[in-house]
Amino acid sequence: MQNMNANFLGGMTLTLLKAWSLALLVALPALAVDFTWSGFGTAGYAQSDSAAKYQRFINNSGTFKRDSILGAQLDVRFSPEWGATFQGKLAPSDHSDSNYQASMAWAFVSWRPADDWLIRAGKIRLPLMLNTENNDVGATFDFARLPQEVYSISPMTDIVGLGISKTWVGDSVDWILEGYSGTAKTQWRFYNRESSVDRPQAGSWFLPINITSTGVVLTARSLDNVFRIGFHEVEASRDGAKIGAPIIATPIGGGYVVYSVGNGGSDKVTVPVFTLGASVLLPAEFRVTGEYANMRVDSVTEGLSRWGAYLALSKRFGAWTPYAYIAKMKSTDSSIEKYKRINGNTLPSVSLTNRQKFLADVVAPYDQATFAIGTSYRLTPTSLIKAEISQVRTGDVSSFIDAPSGGDSAHQRLDVFSLSYSFIF
């Protein structure tokens, strides 16, 4: 059923795009086509005080890889009603920790049948968090890095599908209702500390996942404030494999128990996602911003069932905008307890114990908090420099940290320094 839905949606989108493209080609001789180029980029450096890698790339050796990105966008205007947008970017690969990847982030046709309606078909950005749609464009926000406790809630930010939005313009507040549905092929990153028969090579690996996502988002926006709430339903599946199999414990004698992936599973797993966000201007020009996200995953990787939230305070002083935020992310108590049981399960041989470590890593739970202080300095209206110092503290585990062989990510403290230059043109 998952594949049928995905194929139907993909076919519907392709048919719609072909129909719109044909209509545009017929109308082109009568249209004055306008082309607008723009670009964006960030050169970002980050370094921690730990040898273990954090968020794939950050450790005590320092890296430009975590935050650096380069992109370009072409907007085509066929008429006041019809247009198209194409955005490409160069960034670290989503399926390798050693390579960069050039990709087409956006590629959609847009139709505005009336001033208050917008329909887009093609590869579009998901309307998830407040800055998801512009998260690649560092010049549009003051944080050196968007809080990953919230912004990591989804493994992808783009889908191939259809998006429809309706706007109600008020005297002081505009209301925007957005609905979307689409598909994506993405990669979820895992990291295993030990070599085992399951993964002979310790290190990162990427699991291909097929995603179908449908959601509705309501946004209230005024000159100074914005509020957003969203409900999303995500269906995850794998080509030629079941998903959602349970982890079982089997006695093997001598008082030992071995954990393993049991039989069963289904063709797809349904993941509900709830998002909430607000950015409010307070007296004395202080701004408070907060966001929350929650998702549930019923599978071996049940540690991905988690909530994340942050609260930030900032204030602009001329070209300077200092800020501070506190963020927290936590998987369900049951998934953390399962991780601890499996991770602490010692068996008679090293190879058997390493298999338990591998399975514990696959559970992929999170329990961490971050406190950050930083500032941005706007050099020009289209460029800014950012600096940030953050401290990350983990509880029982955090899958953002690549734990070393023979160790784990529990009860760690990482101090991270970030410096970046972002621009648009």
# chains A, B, ... in the order shown; residues from 1 in each chain; ligands from 1
call {"tool": "residues_around", "arguments": {"residues": "Asp367 of chain A", "least_positions_apart": "5", "cutoff": "6 Å", "atoms": "only C-alpha atoms", "output": "JSON, numbers by chain"}}
result
{"A": [329, 330, 394, 395, 397, 398]}
call {"tool": "residues_around", "arguments": {"residues": "segment 262-271 of chain A", "least_positions_apart": "4", "cutoff": "6 Å", "atoms": "only C-alpha atoms", "output": "PyMOL selection string"}}
result
chain A and resi 233-237+242-248+296-297
call {"tool": "select_by_dssp", "arguments": {"residues": "segment 116-354 of chain A", "states": "strand (DSSP E or B)", "output": "PyMOL selection string"}}
result
chain A and resi 117-125+158-169+174-192+203-221+226-238+241+243+247-253+256-261+266+269-281+286-295+306-315+317+320-331
call {"tool": "closest_residue", "arguments": {"among": "A:Asp408, A:Asp136, A:Asp34, A:Glu285", "to": "Asp67 of chain A", "atoms": "only C-alpha atoms"}}
result
A:Asp136
call {"tool": "select_by_dssp", "arguments": {"residues": "segment 102-227 of chain A", "states": "helix (DSSP H, G or I)", "output": "ChimeraX atom specification"}}
result
/A:138-140,148-151
call {"tool": "residues_around", "arguments": {"residues": "Ala184 of chain A", "least_positions_apart": "4", "cutoff": "10 Å", "atoms": "only C-alpha atoms", "output": "list of chain:residue names"}}
result
A:Ala6, A:Gly10, A:Lys123, A:Met156, A:Thr157, A:Asp158, A:Ile159, A:Val160, A:Gly161, A:Ile209, A:Asn210, A:Ile211, A:Thr212, A:Ser213, A:Ala236
call {"tool": "residues_around", "arguments": {"residues": "Val416 of chain A", "least_positions_apart": "5", "cutoff": "12 Å", "atoms": "only C-alpha atoms", "output": "PyMOL selection string"}}
result
chain A and resi 45-51+53-55+57-63+144-145+370-374+387-393
call {"tool": "write_last_selection", "arguments": {"atoms": "N, CA and C atoms", "output": "mmCIF file, in the first residue's frame"}}
result
data_model
loop_
_atom_site.group_PDB
_atom_site.id
_atom_site.type_symbol
_atom_site.label_atom_id
_atom_site.label_comp_id
_atom_site.auth_asym_id
_atom_site.auth_seq_id
_atom_site.Cartn_x
_atom_site.Cartn_y
_atom_site.Cartn_z
ATOM 1 N N TYR A 45 33.319 27.600 10.694
ATOM 2 C CA TYR A 45 34.327 26.799 11.395
ATOM 3 C C TYR A 45 33.770 26.437 12.769
ATOM 4 N N ALA A 46 33.994 25.197 13.200
ATOM 5 C CA ALA A 46 33.544 24.746 14.516
ATOM 6 C C ALA A 46 34.585 23.824 15.120
ATOM 7 N N GLN A 47 34.769 23.939 16.435
ATOM 8 C CA GLN A 47 35.744 23.108 17.145
ATOM 9 C C GLN A 47 35.233 22.841 18.556
ATOM 10 N N SER A 48 35.408 21.616 19.003
ATOM 11 C CA SER A 48 35.028 21.245 20.365
ATOM 12 C C SER A 48 36.275 20.897 21.163
ATOM 13 N N ASP A 49 36.075 20.512 22.407
ATOM 14 C CA ASP A 49 37.192 20.106 23.259
ATOM 15 C C ASP A 49 37.237 18.592 23.439
ATOM 16 N N SER A 50 36.588 17.859 22.529
ATOM 17 C CA SER A 50 36.533 16.400 22.632
ATOM 18 C C SER A 50 37.030 15.764 21.347
ATOM 19 N N ALA A 51 37.678 14.614 21.474
ATOM 20 C CA ALA A 51 38.132 13.883 20.293
ATOM 21 C C ALA A 51 36.975 13.192 19.583
ATOM 22 N N LYS A 53 33.583 12.804 17.627
ATOM 23 C CA LYS A 53 32.892 13.689 16.699
ATOM 24 C C LYS A 53 31.461 13.941 17.172
ATOM 25 N N TYR A 54 31.064 15.192 17.060
ATOM 26 C CA TYR A 54 29.727 15.635 17.438
ATOM 27 C C TYR A 54 29.042 16.190 16.193
ATOM 28 N N GLN A 55 27.788 15.801 15.974
ATOM 29 C CA GLN A 55 27.052 16.202 14.773
ATOM 30 C C GLN A 55 27.868 15.902 13.505
ATOM 31 N N PHE A 57 30.834 15.953 12.406
ATOM 32 C CA PHE A 57 32.103 16.531 11.998
ATOM 33 C C PHE A 57 32.879 17.268 13.097
ATOM 34 N N ILE A 58 32.215 17.722 14.143
ATOM 35 C CA ILE A 58 32.856 18.622 15.102
ATOM 36 C C ILE A 58 33.647 17.829 16.138
ATOM 37 N N ASN A 59 34.958 18.109 16.250
ATOM 38 C CA ASN A 59 35.777 17.558 17.328
ATOM 39 C C ASN A 59 36.900 18.542 17.635
ATOM 40 N N ASN A 60 37.893 18.099 18.401
ATOM 41 C CA ASN A 60 38.940 19.035 18.829
ATOM 42 C C ASN A 60 39.950 19.348 17.738
ATOM 43 N N SER A 61 39.802 18.747 16.566
ATOM 44 C CA SER A 61 40.664 19.103 15.432
ATOM 45 C C SER A 61 40.122 20.298 14.662
ATOM 46 N N GLY A 62 38.850 20.636 14.879
ATOM 47 C CA GLY A 62 38.239 21.742 14.152
ATOM 48 C C GLY A 62 37.819 21.322 12.755
ATOM 49 N N THR A 63 36.774 21.952 12.247
ATOM 50 C CA THR A 63 36.278 21.590 10.920
ATOM 51 C C THR A 63 35.527 22.750 10.292
ATOM 52 N N ALA A 144 24.417 30.967 15.138
ATOM 53 C CA ALA A 144 25.520 30.376 14.388
ATOM 54 C C ALA A 144 25.104 29.036 13.799
ATOM 55 N N ARG A 145 24.229 28.350 14.516
ATOM 56 C CA ARG A 145 23.725 27.046 14.062
ATOM 57 C C ARG A 145 22.339 26.866 14.669
ATOM 58 N N THR A 370 21.665 21.623 25.558
ATOM 59 C CA THR A 370 22.670 22.571 25.085
ATOM 60 C C THR A 370 22.354 23.958 25.602
ATOM 61 N N PHE A 371 23.374 24.637 26.089
ATOM 62 C CA PHE A 371 23.249 26.051 26.427
ATOM 63 C C PHE A 371 24.244 26.812 25.560
ATOM 64 N N ALA A 372 23.771 27.844 24.886
ATOM 65 C CA ALA A 372 24.623 28.573 23.946
ATOM 66 C C ALA A 372 24.479 30.076 24.149
ATOM 67 N N ILE A 373 25.593 30.783 24.002
ATOM 68 C CA ILE A 373 25.576 32.239 23.928
ATOM 69 C C ILE A 373 26.366 32.630 22.682
ATOM 70 N N GLY A 374 25.883 33.643 21.993
ATOM 71 C CA GLY A 374 26.563 34.036 20.773
ATOM 72 C C GLY A 374 26.110 35.402 20.314
ATOM 73 N N ALA A 387 29.438 34.390 15.899
ATOM 74 C CA ALA A 387 30.322 33.669 16.812
ATOM 75 C C ALA A 387 29.470 33.102 17.942
ATOM 76 N N GLU A 388 29.811 31.901 18.368
ATOM 77 C CA GLU A 388 29.008 31.244 19.410
ATOM 78 C C GLU A 388 29.865 30.308 20.240
ATOM 79 N N ILE A 389 29.578 30.263 21.527
ATOM 80 C CA ILE A 389 30.141 29.270 22.444
ATOM 81 C C ILE A 389 28.972 28.503 23.035
ATOM 82 N N SER A 390 29.020 27.187 22.932
ATOM 83 C CA SER A 390 27.932 26.370 23.462
ATOM 84 C C SER A 390 28.502 25.232 24.298
ATOM 85 N N GLN A 391 27.694 24.783 25.235
ATOM 86 C CA GLN A 391 28.061 23.630 26.043
ATOM 87 C C GLN A 391 26.971 22.588 25.922
ATOM 88 N N VAL A 392 27.384 21.376 25.567
ATOM 89 C CA VAL A 392 26.470 20.258 25.389
ATOM 90 C C VAL A 392 26.676 19.286 26.543
ATOM 91 N N ARG A 393 25.602 18.913 27.192
ATOM 92 C CA ARG A 393 25.654 17.924 28.273
ATOM 93 C C ARG A 393 24.728 16.770 27.918
#
call {"tool": "closest_residue", "arguments": {"among": "A:Ile153, A:Leu90, A:Leu379, A:Val137", "to": "Gly308 of chain A", "atoms": "only C-alpha atoms"}}
result
A:Ile153
call {"tool": "atom_distance", "arguments": {"atom1": "atom CA of Tyr366 of chain A", "atom2": "atom CA of Leu414 of chain A"}}
result
15.2 Å
call {"tool": "atom_distance", "arguments": {"atom1": "atom CA of Val300 of chain A", "atom2": "atom CA of Arg193 of chain A"}}
result
17.7 Å
